[in-house]
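Enquirer: For reference, the structure I am asking about is given below.
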Amino acid sequence: MSVVGFDVGFMNCYVAVARAGGIETVANEYSDRCTPACVSFGPRNRSIGAAAKSQIVTNSKNTVQGFKRFHGRAFSDPFVQSLKNSLVYDIAQMPSGTTGIKVMYMEEEKVFSIEQVTAMLLTKLKETAENALKKPVADCVVSVPCYYTDAERRSVIDAAQIAGLNCLRLMNETTAVALAYGIYKQDLPAPEEKARNVVFVDLGHSGYQTSVCAFNKGKLKVLATACDPLLGGKDFDEVLVNHFCEEFGKKYKLDVKSKPRALVRLYQECEKLKKLMSANSSDLPLNIECFMNDIDVSGHMNRGHFEEMCVEILARVEPPLHSLLEQAKLKKEDVYAVEIIGGASRIPAVKERISKFFGKELSTTLNADEAVARGLIVRCFLRTTQHLSPKC
Ligand code: ATP
Ligand code: MG
């Protein structure tokens, strides 16, 4: 039976399989290799992935996203409590004390554990893999952020089990990325030569993970990892959302935050605007028809102004990089290359900070979105397993 790799992100998931002697990231039924980490509960059915995401606005209270952060956390955990009011859907305490999600499903109020919700998502990803491979799938490797605690990891394993999967192992996202790099690089130094130190920087939607690894042919050692578990693309979205909430409050007398549906729409539009600003430095419009109380709203933003508003967030890019070099006892000159991955690493100001810190051009050898999923599969093939350091 084949082993498949699941990169379950906060926002996006990818499935990698081994096929025809290579590693492939496979597409879902929408011919999209990215499946949104989203589950929507309806009166007659539930939908998962892209179909669920399309219901974020129309069925906002019963459409669940961003649940990765609740794994292994008690409902009373201050972190969970601090998020309670900013969520569009309801969360509740499970009998075991962990966090659950309260939704209307099949016209009944239901509380699902986080493990159950993630299992639904994994079931979808499993189907995607089965459709691609045209055979049943059970064995898998699932990625987790390197800062996950034991409780968070156990919770992910439980979710895989509920989905009928046999999770052979969990792999740190940082390790998966390093493996993905190692397999494609043909020019690594021989084992007896000086190792090549490569820094990996992954800025996703919810987490910031950096690692430095030493490479020789057939050998990989993770020298250090440093993270900011609370920094990601979502923080940049939030800056835009808060800005427009204030602007629309003044301009149209609208209290956007009082209407979950309007707020969800604003989040979607702001995320789009953020992406556009990565490619475009001119003034860009934000228009939403029938936004609230039948009012059409409009605003605009440009990259320069956006970067000014994000100064505090951008200041959080460097500290993990300092810590990384300090832990690994390396100087900036000892770093051969800096590879960036993760969707939010496309933000020009983020790239600029990382590049300035190392005094180097950044490398984009790896596919920024799919590297983690691909790395999960590499582990199943390589005999380098015995060379992996225990930190993996
Ligand atoms: P995590 O790794 O934190 O669990 P994830 O893996 O789901 O999350 P990614 O898919 O790596 O996250 O990245 C998603 C983030 O990247 C979102 O915030 C998205 O808006 C952002 N993003 C994607 N493309 C761009 C772009 N061109 N410019 C700016 N941000 C972008
Ligand atoms: Mg990710």
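Residue numbering restarts at 1 for every chain of the structure tokens, chains are lettered A, B, ... in their displayed order, and ligands are numbered from 1 as they appear.
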Residues within 9 Å of ligand 1 should be enumerated using only C-alpha atoms and all ligand atoms and returned as a PyMOL selection string.
Expert: chain A and resi 7-14+34+36-37+66+68-69+144-145+173+202-209+229-237+270-279+341-348+368-370+372
Enquirer: DSSP on the backbone, then: every residue of stretch 99-341 of chain A marked alpha helix (DSSP H), written as an MDAnalysis selection string.
Expert: chainID A and resid 114:133 150:162 173:184 233:252 260:279 303:309 311:314 318:328
Enquirer: Give the strand (DSSP E or B) residues of stretch 117-166 of chain A, as DSSP finds them on the backbone, and put them as a list in words.
Expert: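 Answer for stretch 117-166 of chain A restricted to strand (DSSP E or B) is Asp139, Cys140, Val141, Val142, Ser143, Val144 and Asn166 of chain A.
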Enquirer: Restricting the output to N, CA and C atoms, write the selected residues as an mmCIF file, in the first residue's frame.
Expert:
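The result, stored in selection-v9.cif:
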data_model
loop_
_atom_site.group_PDB
_atom_site.id
_atom_site.type_symbol
_atom_site.label_atom_id
_atom_site.label_comp_id
_atom_site.auth_asym_id
_atom_site.auth_seq_id
_atom_site.Cartn_x
_atom_site.Cartn_y
_atom_site.Cartn_z
ATOM 1 N N ASP A 139 -1.781 4.296 5.013
ATOM 2 C CA ASP A 139 -0.551 4.774 5.657
ATOM 3 C C ASP A 139 -0.254 6.209 5.239
ATOM 4 N N CYS A 140 0.052 7.026 6.223
ATOM 5 C CA CYS A 140 0.344 8.421 5.880
ATOM 6 C C CYS A 140 1.370 9.028 6.824
ATOM 7 N N VAL A 141 1.916 10.149 6.385
ATOM 8 C CA VAL A 141 2.775 10.981 7.235
ATOM 9 C C VAL A 141 2.109 12.356 7.245
ATOM 10 N N VAL A 142 1.965 12.927 8.419
ATOM 11 C CA VAL A 142 1.285 14.225 8.528
ATOM 12 C C VAL A 142 2.271 15.243 9.099
ATOM 13 N N SER A 143 2.224 16.453 8.548
ATOM 14 C CA SER A 143 3.149 17.475 9.054
ATOM 15 C C SER A 143 2.510 18.259 10.197
ATOM 16 N N VAL A 144 3.368 18.687 11.120
ATOM 17 C CA VAL A 144 2.921 19.555 12.220
ATOM 18 C C VAL A 144 3.958 20.657 12.402
ATOM 19 N N ASN A 166 -3.599 5.387 9.059
ATOM 20 C CA ASN A 166 -2.554 4.883 9.928
ATOM 21 C C ASN A 166 -1.394 5.862 9.836
#
Enquirer: Quick one: of A:Ala373, A:Lys217, A:Lys332, A:Ala119, who's nearest to ligand 2, counting only C-alpha atoms and all ligand atoms?
Expert: A:Ala373
Enquirer: Find the spatial neighbours of A:Gly72, counting only C-alpha atoms, within a cut-off of 7 Å - ignore same-chain residues fewer than 6 positions away - and output them as an MDAnalysis selection string.
Expert: chainID A and resid 98 151:152 155
Enquirer: Output N, CA and C atoms for every residue in the selection just made, as a PDB file, in the first residue's frame.
Expert:
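What landed in selection_30.pdb:
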ATOM      1  N   THR A  98     -11.368  19.420  26.628  1.00  0.00           N
ATOM      2  CA  THR A  98     -10.707  20.013  25.456  1.00  0.00           C
ATOM      3  C   THR A  98     -11.676  20.922  24.686  1.00  0.00           C
ATOM      4  N   ALA A 151       0.868  17.294  23.497  1.00  0.00           N
ATOM      5  CA  ALA A 151      -0.598  17.199  23.501  1.00  0.00           C
ATOM      6  C   ALA A 151      -1.156  17.547  22.126  1.00  0.00           C
ATOM      7  N   GLU A 152      -0.584  18.563  21.493  1.00  0.00           N
ATOM      8  CA  GLU A 152      -1.047  18.960  20.153  1.00  0.00           C
ATOM      9  C   GLU A 152      -0.767  17.850  19.145  1.00  0.00           C
ATOM     10  N   SER A 155      -3.126  14.919  19.593  1.00  0.00           N
ATOM     11  CA  SER A 155      -4.443  15.270  19.070  1.00  0.00           C
ATOM     12  C   SER A 155      -4.505  15.072  17.544  1.00  0.00           C
TER      13      SER A 155
END
Enquirer: Find the residue from A:Val239, A:Gly304, A:Thr225, A:Leu266 that sits nearest to A:Phe200; use only C-alpha atoms when measuring.
Expert: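 Nearest candidate to A:Phe200 out of A:Val239, A:Gly304, A:Thr225, A:Leu266: A:Thr225.
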Enquirer: Here is a test: counting only C-alpha atoms and all ligand atoms, which residue of A:Ala226, A:Glu326, A:Ile354, A:Asn172 is nearest to ligand 2?
Expert: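 When distances to ligand 2 are compared using only C-alpha atoms and all ligand atoms, the smallest one comes from A:Asn172.
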Enquirer: One decimal, Å: what's the distance from atom CA of A:Glu318 over to atom CA of A:Val199, could you say?
Expert: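 Interatomic distance here is 13.2 Å.
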Enquirer: As a list in words, please: the residues near A:Lys102 (cut-off 8 Å, only C-alpha atoms, same-chain neighbours under 2 positions excluded).
Expert: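 Listing them by chain and then by number gives Tyr89, Asp90, Ile91, Ala92, Gly100, Met104, Glu109, Lys110, Val111 and Phe112 of chain A.
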Enquirer: At what distance in Å, to one decimal, does atom CA of A:Lys251 lie from atom CA of A:Gly299?
Expert: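 A separation of 9.8 Å between them.
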Enquirer: At a cut-off of 6 Å, using only C-alpha atoms, what residues contact A:Val212? Leave out same-chain residues fewer than 5 positions from it and give the result as a list in words.
Expert: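 In the requested form, the answer reads Val198, Val199, Leu223 and Ala224 of chain A.
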Enquirer: Here is a test: counting only C-alpha atoms, which residue of A:Asn216, A:Gln327, A:Gln268, A:Ser86 is nearest to A:Ile56?
Expert: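 So, comparing all the options, the nearest one is A:Gln268.
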Enquirer: If we count only C-alpha atoms and set the cut-off at 12 Å, which residues sit around A:Gly49, ignoring sequence neighbours fewer than 2 positions away in its own chain? Please answer as JSON, numbers by chain.
Expert: {"A": [8, 11, 12, 13, 14, 28, 29, 30, 32, 33, 34, 35, 36, 37, 38, 39, 40, 41, 46, 47, 51, 52, 53, 54, 55, 56, 63, 64, 65, 117, 118, 120, 121, 122, 123, 124, 125, 127, 128]}
